[in-house]
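Student: Sharing run.csv here; it has CSV, C-alpha atoms.
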chain,number,residue,atom,x,y,z
A,1,MET,CA,135.5,112.3,90.8
A,2,GLN,CA,135.4,109.1,88.8
A,3,ASP,CA,136.3,107.0,91.8
A,4,TYR,CA,133.4,108.4,93.9
A,5,THR,CA,130.2,106.4,94.4
A,6,LEU,CA,126.9,108.2,94.7
A,7,ILE,CA,124.1,106.2,96.5
A,8,PHE,CA,120.5,107.3,95.8
A,9,ASP,CA,117.4,106.5,97.7
A,10,LEU,CA,114.5,106.0,95.3
A,11,ASP,CA,111.0,106.8,96.7
A,12,GLY,CA,110.8,110.5,97.7
A,13,THR,CA,114.4,111.2,96.4
A,14,LEU,CA,114.6,110.4,92.7
A,15,ALA,CA,111.0,109.5,92.1
A,16,ASN,CA,107.6,110.7,93.3
A,17,THR,CA,106.0,107.3,93.7
A,18,ARG,CA,103.2,108.4,96.0
A,19,PRO,CA,100.3,108.3,93.5
A,20,ASP,CA,100.9,104.7,92.5
A,21,LEU,CA,101.6,103.6,96.1
A,22,LEU,CA,98.4,105.3,97.4
A,23,GLU,CA,96.4,103.6,94.6
A,24,ALA,CA,97.9,100.2,95.6
A,25,LEU,CA,97.2,100.8,99.2
A,26,ASN,CA,93.5,101.7,98.7
A,27,HIS,CA,93.1,98.7,96.4
A,28,SER,CA,94.6,96.4,99.1
A,29,ILE,CA,92.3,97.6,101.9
A,30,GLU,CA,89.0,98.0,100.0
A,31,PRO,CA,87.9,94.3,100.3
A,32,GLU,CA,88.3,94.6,104.1
A,33,GLY,CA,85.7,97.5,104.1
A,34,LEU,CA,88.2,100.2,105.0
A,35,LYS,CA,87.7,103.7,103.8
A,36,PRO,CA,90.4,104.9,101.3
A,37,LEU,CA,93.2,107.1,102.5
A,38,ASN,CA,94.8,110.2,100.9
A,39,PHE,CA,98.3,111.6,100.8
A,40,ASN,CA,98.0,113.5,104.1
A,41,ASN,CA,96.9,110.3,105.9
A,42,ILE,CA,100.1,108.5,104.9
A,43,GLY,CA,102.7,111.3,105.0
A,44,HIS,CA,106.3,110.0,105.5
A,45,LEU,CA,105.1,106.4,105.5
A,46,PHE,CA,105.3,106.4,101.7
A,47,GLY,CA,109.0,105.7,102.1
A,48,GLN,CA,108.6,103.1,104.8
A,49,GLY,CA,107.3,100.1,102.8
A,50,SER,CA,103.9,98.5,102.2
A,51,MET,CA,103.4,97.0,105.6
A,52,ALA,CA,103.8,100.4,107.3
A,53,MET,CA,101.2,101.9,105.1
A,54,ILE,CA,98.8,99.0,105.6
A,55,LYS,CA,99.1,99.3,109.4
A,56,ARG,CA,98.4,103.0,109.1
A,57,ALA,CA,95.3,102.3,107.0
A,58,PHE,CA,93.9,100.1,109.8
A,59,GLU,CA,94.8,102.6,112.5
A,60,HIS,CA,93.2,105.4,110.5
A,61,ASN,CA,90.0,103.4,110.2
A,62,ASN,CA,90.1,102.5,113.9
A,63,VAL,CA,90.1,98.8,113.0
A,64,LYS,CA,92.3,96.3,114.8
A,65,ALA,CA,94.1,94.0,112.4
A,66,ASN,CA,95.9,90.7,113.1
A,67,PRO,CA,99.1,89.8,111.3
A,68,GLU,CA,97.3,87.3,109.0
A,69,LEU,CA,95.0,90.0,107.8
A,70,GLU,CA,97.8,92.5,107.3
A,71,LEU,CA,99.8,89.9,105.3
A,72,LYS,CA,96.7,89.3,103.2
A,73,CYS,CA,96.5,93.0,102.4
A,74,GLN,CA,100.2,93.2,101.7
A,75,LYS,CA,100.0,90.4,99.2
A,76,ARG,CA,97.1,92.2,97.5
A,77,PHE,CA,99.1,95.4,97.6
A,78,LEU,CA,102.3,94.0,96.1
A,79,SER,CA,100.4,92.2,93.3
A,80,PHE,CA,98.5,95.3,92.3
A,81,TYR,CA,101.5,97.6,92.6
A,82,GLU,CA,103.7,95.4,90.5
A,83,ASP,CA,101.2,95.7,87.7
A,84,ASN,CA,100.7,99.4,88.1
A,85,ILE,CA,104.0,100.6,89.3
A,86,SER,CA,104.6,103.5,86.9
A,87,ASN,CA,101.2,104.6,85.9
A,88,LYS,CA,101.5,108.0,87.7
A,89,THR,CA,105.1,107.9,89.1
A,90,THR,CA,107.4,110.5,87.8
A,91,LEU,CA,111.0,111.5,88.4
A,92,PHE,CA,111.3,114.7,90.4
A,93,PRO,CA,112.2,117.9,88.4
A,94,GLY,CA,115.8,117.8,87.2
A,95,ALA,CA,116.5,114.2,88.3
A,96,LYS,CA,116.9,112.8,84.8
A,97,LYS,CA,119.3,115.5,83.8
A,98,ALA,CA,121.2,115.2,87.1
A,99,ILE,CA,121.7,111.5,86.6
A,100,ASP,CA,123.0,112.1,83.0
A,101,ASP,CA,125.3,114.8,84.3
A,102,LEU,CA,126.7,112.5,87.0
A,103,GLN,CA,127.8,109.7,84.7
A,104,ALA,CA,131.5,110.4,85.6
A,105,PHE,CA,130.6,109.0,89.0
A,106,THR,CA,129.5,105.5,89.9
A,107,LEU,CA,125.8,105.6,90.7
A,108,SER,CA,123.8,103.1,92.8
A,109,ILE,CA,120.4,102.7,94.4
A,110,CYS,CA,119.8,101.8,98.0
A,111,THR,CA,116.0,101.6,98.8
A,112,ASN,CA,113.8,99.9,101.3
A,113,LYS,CA,111.5,99.1,98.4
A,114,PRO,CA,111.7,95.4,97.5
A,115,GLU,CA,114.5,95.0,95.0
A,116,TYR,CA,112.4,93.4,92.3
A,117,LEU,CA,110.0,96.3,92.4
A,118,ALA,CA,112.8,98.9,92.4
A,119,ARG,CA,114.3,97.3,89.3
A,120,LYS,CA,110.9,97.1,87.6
A,121,LEU,CA,110.2,100.8,88.3
A,122,LEU,CA,113.7,101.9,87.2
A,123,THR,CA,113.2,99.9,84.0
A,124,GLU,CA,109.8,101.4,83.2
A,125,ILE,CA,111.0,105.0,83.8
A,126,GLY,CA,114.1,104.3,81.6
A,127,ILE,CA,117.0,104.7,84.0
A,128,LEU,CA,117.9,101.2,85.2
A,129,GLU,CA,121.1,101.0,83.1
A,130,LYS,CA,122.5,104.2,84.8
A,131,PHE,CA,123.1,102.3,88.1
A,132,ALA,CA,126.0,100.0,88.9
A,133,SER,CA,124.2,98.4,91.9
A,134,ILE,CA,120.7,98.2,93.2
A,135,THR,CA,119.7,96.9,96.5
A,136,GLY,CA,116.2,96.8,98.2
A,137,GLY,CA,114.7,96.2,101.5
A,138,ASP,CA,114.5,92.5,100.9
A,139,SER,CA,118.1,92.1,99.4
A,140,TYR,CA,119.6,91.3,102.8
A,141,ALA,CA,118.5,90.4,106.4
A,142,TYR,CA,119.0,94.1,107.2
A,143,ARG,CA,117.8,97.4,105.7
A,144,LYS,CA,118.2,101.1,106.2
A,145,PRO,CA,118.9,102.6,108.7
A,146,ASP,CA,121.2,99.7,109.2
A,147,ALA,CA,124.6,100.8,107.9
A,148,ARG,CA,125.2,97.4,106.4
A,149,HIS,CA,122.5,97.9,103.8
A,150,LEU,CA,124.3,101.0,102.5
A,151,THR,CA,127.9,99.6,102.8
A,152,LYS,CA,126.8,96.5,100.9
A,153,THR,CA,125.4,98.6,98.1
A,154,VAL,CA,128.8,100.4,98.0
A,155,GLU,CA,130.6,97.1,97.9
A,156,LEU,CA,128.5,95.8,95.0
A,157,ALA,CA,129.4,98.9,93.0
A,158,ASN,CA,133.1,98.3,93.7
A,159,GLY,CA,133.3,101.5,95.7
A,160,THR,CA,134.7,102.4,99.1
A,161,ASN,CA,133.0,104.1,102.1
A,162,THR,CA,135.6,106.8,102.2
A,163,LYS,CA,134.6,107.9,98.7
A,164,THR,CA,130.9,107.6,98.8
A,165,ILE,CA,128.0,110.1,99.2
A,166,MET,CA,124.4,109.3,100.0
A,167,ILE,CA,121.5,111.2,98.6
A,168,GLY,CA,118.1,110.7,100.4
A,169,ASP,CA,115.1,112.4,101.8
A,170,THR,CA,114.3,111.0,105.3
A,171,ILE,CA,115.8,110.2,108.7
A,172,THR,CA,116.1,106.6,107.5
A,173,ASP,CA,118.6,107.6,104.8
A,174,THR,CA,120.5,110.0,107.0
A,175,LYS,CA,120.8,107.5,109.8
A,176,ALA,CA,122.0,104.8,107.4
A,177,ALA,CA,124.7,107.2,106.1
A,178,GLN,CA,125.7,108.5,109.5
A,179,ASN,CA,125.9,105.0,110.9
A,180,ALA,CA,128.2,104.1,108.0
A,181,GLY,CA,130.3,107.2,108.3
A,182,ILE,CA,129.2,108.4,104.8
A,183,PRO,CA,128.3,112.0,104.0
A,184,VAL,CA,124.7,112.5,103.2
A,185,ILE,CA,122.8,115.1,101.1
A,186,VAL,CA,119.0,115.4,101.8
A,187,VAL,CA,116.4,116.7,99.4
A,188,ASP,CA,113.7,118.9,100.9
A,189,PHE,CA,110.9,117.9,98.6
A,190,GLY,CA,110.7,114.2,99.7
A,191,TYR,CA,108.7,112.3,102.3
A,192,SER,CA,110.4,113.3,105.5
A,193,ASP,CA,108.0,113.6,108.5
A,194,VAL,CA,110.2,116.2,110.1
A,195,PRO,CA,111.9,119.4,108.8
A,196,VAL,CA,115.0,118.2,106.9
A,197,ASP,CA,117.2,120.8,108.5
A,198,THR,CA,116.8,118.9,111.8
A,199,LEU,CA,118.3,115.7,110.3
A,200,ASN,CA,121.9,116.9,110.6
A,201,ALA,CA,122.7,116.1,107.0
A,202,ASP,CA,125.9,117.4,105.5
A,203,ALA,CA,123.8,119.4,103.0
A,204,VAL,CA,120.2,120.1,101.9
A,205,ILE,CA,119.1,120.8,98.4
A,206,SER,CA,115.8,122.0,97.0
A,207,HIS,CA,116.3,121.0,93.3
A,208,PHE,CA,118.4,118.6,91.5
A,209,ASP,CA,120.2,121.5,89.7
A,210,GLU,CA,122.0,122.0,93.1
A,211,LEU,CA,123.2,118.4,93.3
A,212,LEU,CA,126.4,118.4,91.3
A,213,PRO,CA,127.8,121.7,92.9
A,214,THR,CA,126.9,120.3,96.3
A,215,ILE,CA,128.7,117.0,95.6
A,216,ASN,CA,131.8,118.9,94.4
A,217,GLN,CA,131.8,121.0,97.6
A,218,LEU,CA,131.5,118.0,99.8
A,219,ILE,CA,134.4,116.2,98.0
A,220,ALA,CA,136.5,119.3,98.3
A,221,THR,CA,135.9,119.7,102.0
A,222,ASN,CA,136.3,116.0,102.8
Output the file's structure as structure tokens, nothing else.

Tutor:
Amino acid sequence: MQDYTLIFDLDGTLANTRPDLLEALNHSIEPEGLKPLNFNNIGHLFGQGSMAMIKRAFEHNNVKANPELELKCQKRFLSFYEDNISNKTTLFPGAKKAIDDLQAFTLSICTNKPEYLARKLLTEIGILEKFASITGGDSYAYRKPDARHLTKTVELANGTNTKTIMIGDTITDTKAAQNAGIPVIVVDFGYSDVPVDTLNADAVISHFDELLPTINQLIATN
């Protein structure tokens, strides 16, 4: 087991970041006269980055935005979010114990969240030191579902693709893993916009208590 690398997505997989992301979004659009959004208005876009959420906010308000205005809102979003990144964010039930139980493996994070924000969040929720490598959506010129984002994360952890498993929550994670030829486990409590059983993942779990047995089964069958 010790030579296996486990790559985790962050938002919607390890941590429920929606409350703080929503607060940052509504803060960023308020000066433009847009009405605030709620969880249902955003859906799976919580895992797609700040710009996707900002574009959705303008669409929901039936307001046409230009790139300059969107970037203005994004700058406001990122500044506010950095200062309030862990106010309401929590690890999903069982995630902390699972991470502790998996220390025989090499653990890494591959997220489309900007790397500096991912590191800040992991620091504030007390698990940064558990991960051998952390890459974000701005770490390279490519990002998930591009396979290179995932394989570069593996490389930084001194792992190999043939002994790596991805754990995520959306089609972005499953496509990245599948494009890289890496098995993928999907959680069904994340931010997917489609039923997770339609993603053709190697396994689906409903609680982190199921993660280690599922990993062991994948290793045994592969």

Student: Please provide the set of residues having any atom within 8 Å of range 108-120 of chain A, restricted to all atoms listed in the file, with same-chain residues fewer than 4 positions apart removed, written as a PyMOL selection string.

Tutor: chain A and resi 5-11+47-49+82+85+124+128+131-139+143-144+149-150+153-154+157

Student: Nearest residue to His207 in chain A out of A:Val187, A:Leu102, A:Met53, A:Leu34, using all atoms listed in the file?

Tutor: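 Nearest candidate to His207 in chain A out of A:Val187, A:Leu102, A:Met53, A:Leu34: A:Val187.
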
Student: Tell me which of A:Ala98, A:Lys163, A:Asn84, A:Ala176 sits closest to Leu218 in chain A, counting only C-alpha atoms.

Tutor: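 Of all the options, A:Lys163 lies closest to Leu218 in chain A.
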
Student: Give me, please, the distance in Å between CA of His44 in chain A and CA of Phe208 in chain A, quoted to one decimal.

Tutor: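 Separating CA of His44 in chain A from CA of Phe208 in chain A is a distance of 20.4 Å.
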
Student: Write out as a PDB file with C-alpha atoms, in the coordinates of the input each polymer residue whose atoms come within 8 Å of Leu21 in chain A, counting only C-alpha atoms; drop sequence neighbours fewer than 4 positions from it.

Tutor:
ATOM      1  CA  THR A  17     106.000 107.300  93.700  1.00  0.00           C
ATOM      2  CA  LEU A  25      97.200 100.800  99.200  1.00  0.00           C
ATOM      3  CA  PHE A  46     105.300 106.400 101.700  1.00  0.00           C
ATOM      4  CA  TYR A  81     101.500  97.600  92.600  1.00  0.00           C
ATOM      5  CA  ILE A  85     104.000 100.600  89.300  1.00  0.00           C
TER       6      ILE A  85
END

Student: Can you tell me how far CA of Ile167 in chain A sits from CA of Ile185 in chain A, in Å to one decimal?

Tutor: 4.8 Å

Student: Kindly give the distance, in Å, that separates CA of Lys75 in chain A and CA of Leu22 in chain A, rounded to a single decimal.

Tutor: 15.1 Å

Student: List the neighbours of range 188-195 of chain A out to 6 Å using only C-alpha atoms; skip same-chain residues closer than 4 positions along the sequence, and give me the result as a PyMOL selection string.

Tutor: chain A and resi 12-13+44+169-170+206

Student: Using C-alpha atoms, can you write the selected residues to a file as a PDB file, in the frame of the given file?

Tutor:
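Saved to result.pdb:
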ATOM      1  CA  GLY A  12     110.800 110.500  97.700  1.00  0.00           C
ATOM      2  CA  THR A  13     114.400 111.200  96.400  1.00  0.00           C
ATOM      3  CA  HIS A  44     106.300 110.000 105.500  1.00  0.00           C
ATOM      4  CA  ASP A 169     115.100 112.400 101.800  1.00  0.00           C
ATOM      5  CA  THR A 170     114.300 111.000 105.300  1.00  0.00           C
ATOM      6  CA  SER A 206     115.800 122.000  97.000  1.00  0.00           C
TER       7      SER A 206
END

Student: Find the residue from A:Val196, A:Ala95, A:Ala147, A:Ala203 that sits nearest to Ala177 in chain A; use only C-alpha atoms when measuring.

Tutor: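 Result for the nearest residue to Ala177 in chain A: A:Ala147.
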
Student: I'd like to know which of A:Asn87, A:Asn40, A:Asn62, A:Asn222 is closest to Glu23 in chain A, using all atoms listed in the file.

Tutor: A:Asn87

Student: Rank A:Asp3, A:Asp202, A:Asp20, A:Asp197 by their smallest atom-to-atom distance to Ser86 in chain A, using only C-alpha atoms, and report the top residue only.

Tutor: A:Asp20

Student: Quick one: residues within 12 Å of (101.2, 89.9, 105.8) (file frame), counting only C-alpha atoms, please, as a short mmCIF file (atom, residue, chain, number, x, y, z; two decimals) with C-alpha atoms, in the frame of the given file.

Tutor:
data_model
loop_
_atom_site.label_atom_id
_atom_site.label_comp_id
_atom_site.auth_asym_id
_atom_site.auth_seq_id
_atom_site.Cartn_x
_atom_site.Cartn_y
_atom_site.Cartn_z
CA SER A 28 94.60 96.40 99.10
CA SER A 50 103.90 98.50 102.20
CA MET A 51 103.40 97.00 105.60
CA ALA A 52 103.80 100.40 107.30
CA ILE A 54 98.80 99.00 105.60
CA LYS A 55 99.10 99.30 109.40
CA ALA A 65 94.10 94.00 112.40
CA ASN A 66 95.90 90.70 113.10
CA PRO A 67 99.10 89.80 111.30
CA GLU A 68 97.30 87.30 109.00
CA LEU A 69 95.00 90.00 107.80
CA GLU A 70 97.80 92.50 107.30
CA LEU A 71 99.80 89.90 105.30
CA LYS A 72 96.70 89.30 103.20
CA CYS A 73 96.50 93.00 102.40
CA GLN A 74 100.20 93.20 101.70
CA LYS A 75 100.00 90.40 99.20
CA ARG A 76 97.10 92.20 97.50
CA PHE A 77 99.10 95.40 97.60
CA LEU A 78 102.30 94.00 96.10
#

Student: Find, counting only C-alpha atoms, the residue in A:Leu122, A:Asn41, A:Asp146, A:Lys130 that gets nearest to Lys97 in chain A.

Tutor: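 Looking at the shortest contact to Lys97 in chain A, the residue is A:Lys130.
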
Student: Save N, CA and C atoms of range 179-220 of chain A from the block above as a PDB file, in the first residue's frame.

Tutor:
ATOM      1  N   ASN A 179      -8.885  10.164 -18.347  1.00  0.00           N
ATOM      2  CA  ASN A 179      -7.944  10.610 -19.384  1.00  0.00           C
ATOM      3  C   ASN A 179      -6.513  10.212 -19.053  1.00  0.00           C
ATOM      4  N   ALA A 180      -6.233  10.086 -17.746  1.00  0.00           N
ATOM      5  CA  ALA A 180      -4.884   9.714 -17.308  1.00  0.00           C
ATOM      6  C   ALA A 180      -4.730   8.213 -17.117  1.00  0.00           C
ATOM      7  N   GLY A 181      -5.819   7.461 -17.285  1.00  0.00           N
ATOM      8  CA  GLY A 181      -5.760   6.024 -17.073  1.00  0.00           C
ATOM      9  C   GLY A 181      -5.632   5.646 -15.612  1.00  0.00           C
ATOM     10  N   ILE A 182      -6.218   6.460 -14.739  1.00  0.00           N
ATOM     11  CA  ILE A 182      -6.123   6.262 -13.294  1.00  0.00           C
ATOM     12  C   ILE A 182      -7.507   5.906 -12.744  1.00  0.00           C
ATOM     13  N   PRO A 183      -7.621   4.884 -11.890  1.00  0.00           N
ATOM     14  CA  PRO A 183      -8.910   4.552 -11.280  1.00  0.00           C
ATOM     15  C   PRO A 183      -9.443   5.733 -10.462  1.00  0.00           C
ATOM     16  N   VAL A 184     -10.771   5.862 -10.407  1.00  0.00           N
ATOM     17  CA  VAL A 184     -11.361   6.989  -9.697  1.00  0.00           C
ATOM     18  C   VAL A 184     -12.530   6.541  -8.839  1.00  0.00           C
ATOM     19  N   ILE A 185     -12.532   7.030  -7.609  1.00  0.00           N
ATOM     20  CA  ILE A 185     -13.634   6.826  -6.669  1.00  0.00           C
ATOM     21  C   ILE A 185     -14.388   8.140  -6.559  1.00  0.00           C
ATOM     22  N   VAL A 186     -15.712   8.091  -6.646  1.00  0.00           N
ATOM     23  CA  VAL A 186     -16.530   9.297  -6.568  1.00  0.00           C
ATOM     24  C   VAL A 186     -17.376   9.268  -5.305  1.00  0.00           C
ATOM     25  N   VAL A 187     -17.430  10.400  -4.599  1.00  0.00           N
ATOM     26  CA  VAL A 187     -18.331  10.535  -3.457  1.00  0.00           C
ATOM     27  C   VAL A 187     -19.681  11.029  -3.978  1.00  0.00           C
ATOM     28  N   ASP A 188     -20.764  10.568  -3.341  1.00  0.00           N
ATOM     29  CA  ASP A 188     -22.085  10.953  -3.840  1.00  0.00           C
ATOM     30  C   ASP A 188     -22.708  12.121  -3.079  1.00  0.00           C
ATOM     31  N   PHE A 189     -21.907  12.763  -2.215  1.00  0.00           N
ATOM     32  CA  PHE A 189     -22.421  13.890  -1.426  1.00  0.00           C
ATOM     33  C   PHE A 189     -21.816  15.223  -1.861  1.00  0.00           C
ATOM     34  N   GLY A 190     -21.140  15.225  -3.007  1.00  0.00           N
ATOM     35  CA  GLY A 190     -20.443  16.429  -3.456  1.00  0.00           C
ATOM     36  C   GLY A 190     -21.291  17.311  -4.349  1.00  0.00           C
ATOM     37  N   TYR A 191     -20.633  17.944  -5.327  1.00  0.00           N
ATOM     38  CA  TYR A 191     -21.262  18.995  -6.122  1.00  0.00           C
ATOM     39  C   TYR A 191     -21.579  18.582  -7.562  1.00  0.00           C
ATOM     40  N   SER A 192     -21.700  17.286  -7.808  1.00  0.00           N
ATOM     41  CA  SER A 192     -21.986  16.821  -9.160  1.00  0.00           C
ATOM     42  C   SER A 192     -23.349  17.321  -9.620  1.00  0.00           C
ATOM     43  N   ASP A 193     -23.426  17.708 -10.897  1.00  0.00           N
ATOM     44  CA  ASP A 193     -24.699  18.170 -11.466  1.00  0.00           C
ATOM     45  C   ASP A 193     -25.469  17.044 -12.130  1.00  0.00           C
ATOM     46  N   VAL A 194     -24.897  15.842 -12.100  1.00  0.00           N
ATOM     47  CA  VAL A 194     -25.579  14.659 -12.636  1.00  0.00           C
ATOM     48  C   VAL A 194     -25.459  13.538 -11.611  1.00  0.00           C
ATOM     49  N   PRO A 195     -26.343  12.547 -11.649  1.00  0.00           N
ATOM     50  CA  PRO A 195     -26.204  11.410 -10.735  1.00  0.00           C
ATOM     51  C   PRO A 195     -24.820  10.783 -10.882  1.00  0.00           C
ATOM     52  N   VAL A 196     -24.154  10.547  -9.770  1.00  0.00           N
ATOM     53  CA  VAL A 196     -22.764  10.074  -9.853  1.00  0.00           C
ATOM     54  C   VAL A 196     -22.656   8.682 -10.450  1.00  0.00           C
ATOM     55  N   ASP A 197     -23.738   7.918 -10.419  1.00  0.00           N
ATOM     56  CA  ASP A 197     -23.655   6.584 -11.021  1.00  0.00           C
ATOM     57  C   ASP A 197     -23.647   6.625 -12.542  1.00  0.00           C
ATOM     58  N   THR A 198     -23.779   7.824 -13.112  1.00  0.00           N
ATOM     59  CA  THR A 198     -23.682   7.975 -14.568  1.00  0.00           C
ATOM     60  C   THR A 198     -22.277   8.385 -15.005  1.00  0.00           C
ATOM     61  N   LEU A 199     -21.371   8.560 -14.066  1.00  0.00           N
ATOM     62  CA  LEU A 199     -20.031   9.059 -14.387  1.00  0.00           C
ATOM     63  C   LEU A 199     -19.039   7.960 -14.757  1.00  0.00           C
ATOM     64  N   ASN A 200     -19.460   6.711 -14.651  1.00  0.00           N
ATOM     65  CA  ASN A 200     -18.587   5.574 -14.989  1.00  0.00           C
ATOM     66  C   ASN A 200     -17.324   5.533 -14.142  1.00  0.00           C
ATOM     67  N   ALA A 201     -17.463   5.930 -12.877  1.00  0.00           N
ATOM     68  CA  ALA A 201     -16.338   5.826 -11.942  1.00  0.00           C
ATOM     69  C   ALA A 201     -16.100   4.355 -11.601  1.00  0.00           C
ATOM     70  N   ASP A 202     -14.929   4.071 -11.061  1.00  0.00           N
ATOM     71  CA  ASP A 202     -14.615   2.697 -10.668  1.00  0.00           C
ATOM     72  C   ASP A 202     -15.361   2.292  -9.402  1.00  0.00           C
ATOM     73  N   ALA A 203     -15.717   3.286  -8.588  1.00  0.00           N
ATOM     74  CA  ALA A 203     -16.476   3.018  -7.369  1.00  0.00           C
ATOM     75  C   ALA A 203     -17.140   4.306  -6.900  1.00  0.00           C
ATOM     76  N   VAL A 204     -18.242   4.162  -6.163  1.00  0.00           N
ATOM     77  CA  VAL A 204     -18.949   5.292  -5.571  1.00  0.00           C
ATOM     78  C   VAL A 204     -19.089   5.029  -4.082  1.00  0.00           C
ATOM     79  N   ILE A 205     -18.809   6.036  -3.267  1.00  0.00           N
ATOM     80  CA  ILE A 205     -18.990   5.897  -1.819  1.00  0.00           C
ATOM     81  C   ILE A 205     -19.927   6.991  -1.311  1.00  0.00           C
ATOM     82  N   SER A 206     -20.601   6.691  -0.198  1.00  0.00           N
ATOM     83  CA  SER A 206     -21.546   7.628   0.399  1.00  0.00           C
ATOM     84  C   SER A 206     -21.048   8.200   1.713  1.00  0.00           C
ATOM     85  N   HIS A 207     -19.941   7.682   2.232  1.00  0.00           N
ATOM     86  CA  HIS A 207     -19.355   8.165   3.489  1.00  0.00           C
ATOM     87  C   HIS A 207     -17.881   7.801   3.475  1.00  0.00           C
ATOM     88  N   PHE A 208     -17.073   8.596   4.150  1.00  0.00           N
ATOM     89  CA  PHE A 208     -15.636   8.329   4.165  1.00  0.00           C
ATOM     90  C   PHE A 208     -15.275   7.046   4.915  1.00  0.00           C
ATOM     91  N   ASP A 209     -16.200   6.503   5.704  1.00  0.00           N
ATOM     92  CA  ASP A 209     -15.949   5.213   6.336  1.00  0.00           C
ATOM     93  C   ASP A 209     -15.751   4.122   5.292  1.00  0.00           C
ATOM     94  N   GLU A 210     -16.287   4.335   4.098  1.00  0.00           N
ATOM     95  CA  GLU A 210     -16.199   3.344   3.029  1.00  0.00           C
ATOM     96  C   GLU A 210     -14.927   3.466   2.201  1.00  0.00           C
ATOM     97  N   LEU A 211     -14.147   4.533   2.438  1.00  0.00           N
ATOM     98  CA  LEU A 211     -13.045   4.817   1.523  1.00  0.00           C
ATOM     99  C   LEU A 211     -11.926   3.780   1.579  1.00  0.00           C
ATOM    100  N   LEU A 212     -11.396   3.478   2.744  1.00  0.00           N
ATOM    101  CA  LEU A 212     -10.269   2.545   2.831  1.00  0.00           C
ATOM    102  C   LEU A 212     -10.633   1.159   2.298  1.00  0.00           C
ATOM    103  N   PRO A 213     -11.786   0.571   2.683  1.00  0.00           N
ATOM    104  CA  PRO A 213     -12.134  -0.727   2.086  1.00  0.00           C
ATOM    105  C   PRO A 213     -12.266  -0.667   0.565  1.00  0.00           C
ATOM    106  N   THR A 214     -12.782   0.445   0.045  1.00  0.00           N
ATOM    107  CA  THR A 214     -12.929   0.589  -1.407  1.00  0.00           C
ATOM    108  C   THR A 214     -11.572   0.691  -2.079  1.00  0.00           C
ATOM    109  N   ILE A 215     -10.652   1.440  -1.487  1.00  0.00           N
ATOM    110  CA  ILE A 215      -9.291   1.539  -2.013  1.00  0.00           C
ATOM    111  C   ILE A 215      -8.621   0.164  -2.039  1.00  0.00           C
ATOM    112  N   ASN A 216      -8.742  -0.564  -0.938  1.00  0.00           N
ATOM    113  CA  ASN A 216      -8.127  -1.894  -0.859  1.00  0.00           C
ATOM    114  C   ASN A 216      -8.693  -2.828  -1.923  1.00  0.00           C
ATOM    115  N   GLN A 217     -10.003  -2.713  -2.173  1.00  0.00           N
ATOM    116  CA  GLN A 217     -10.623  -3.556  -3.199  1.00  0.00           C
ATOM    117  C   GLN A 217     -10.119  -3.201  -4.592  1.00  0.00           C
ATOM    118  N   LEU A 218      -9.977  -1.891  -4.870  1.00  0.00           N
ATOM    119  CA  LEU A 218      -9.464  -1.471  -6.181  1.00  0.00           C
ATOM    120  C   LEU A 218      -8.033  -1.943  -6.374  1.00  0.00           C
ATOM    121  N   ILE A 219      -7.221  -1.839  -5.345  1.00  0.00           N
ATOM    122  CA  ILE A 219      -5.836  -2.283  -5.445  1.00  0.00           C
ATOM    123  C   ILE A 219      -5.772  -3.789  -5.715  1.00  0.00           C
ATOM    124  N   ALA A 220      -6.625  -4.518  -5.024  1.00  0.00           N
ATOM    125  CA  ALA A 220      -6.635  -5.980  -5.178  1.00  0.00           C
ATOM    126  C   ALA A 220      -7.075  -6.394  -6.586  1.00  0.00           C
TER     127      ALA A 220
END
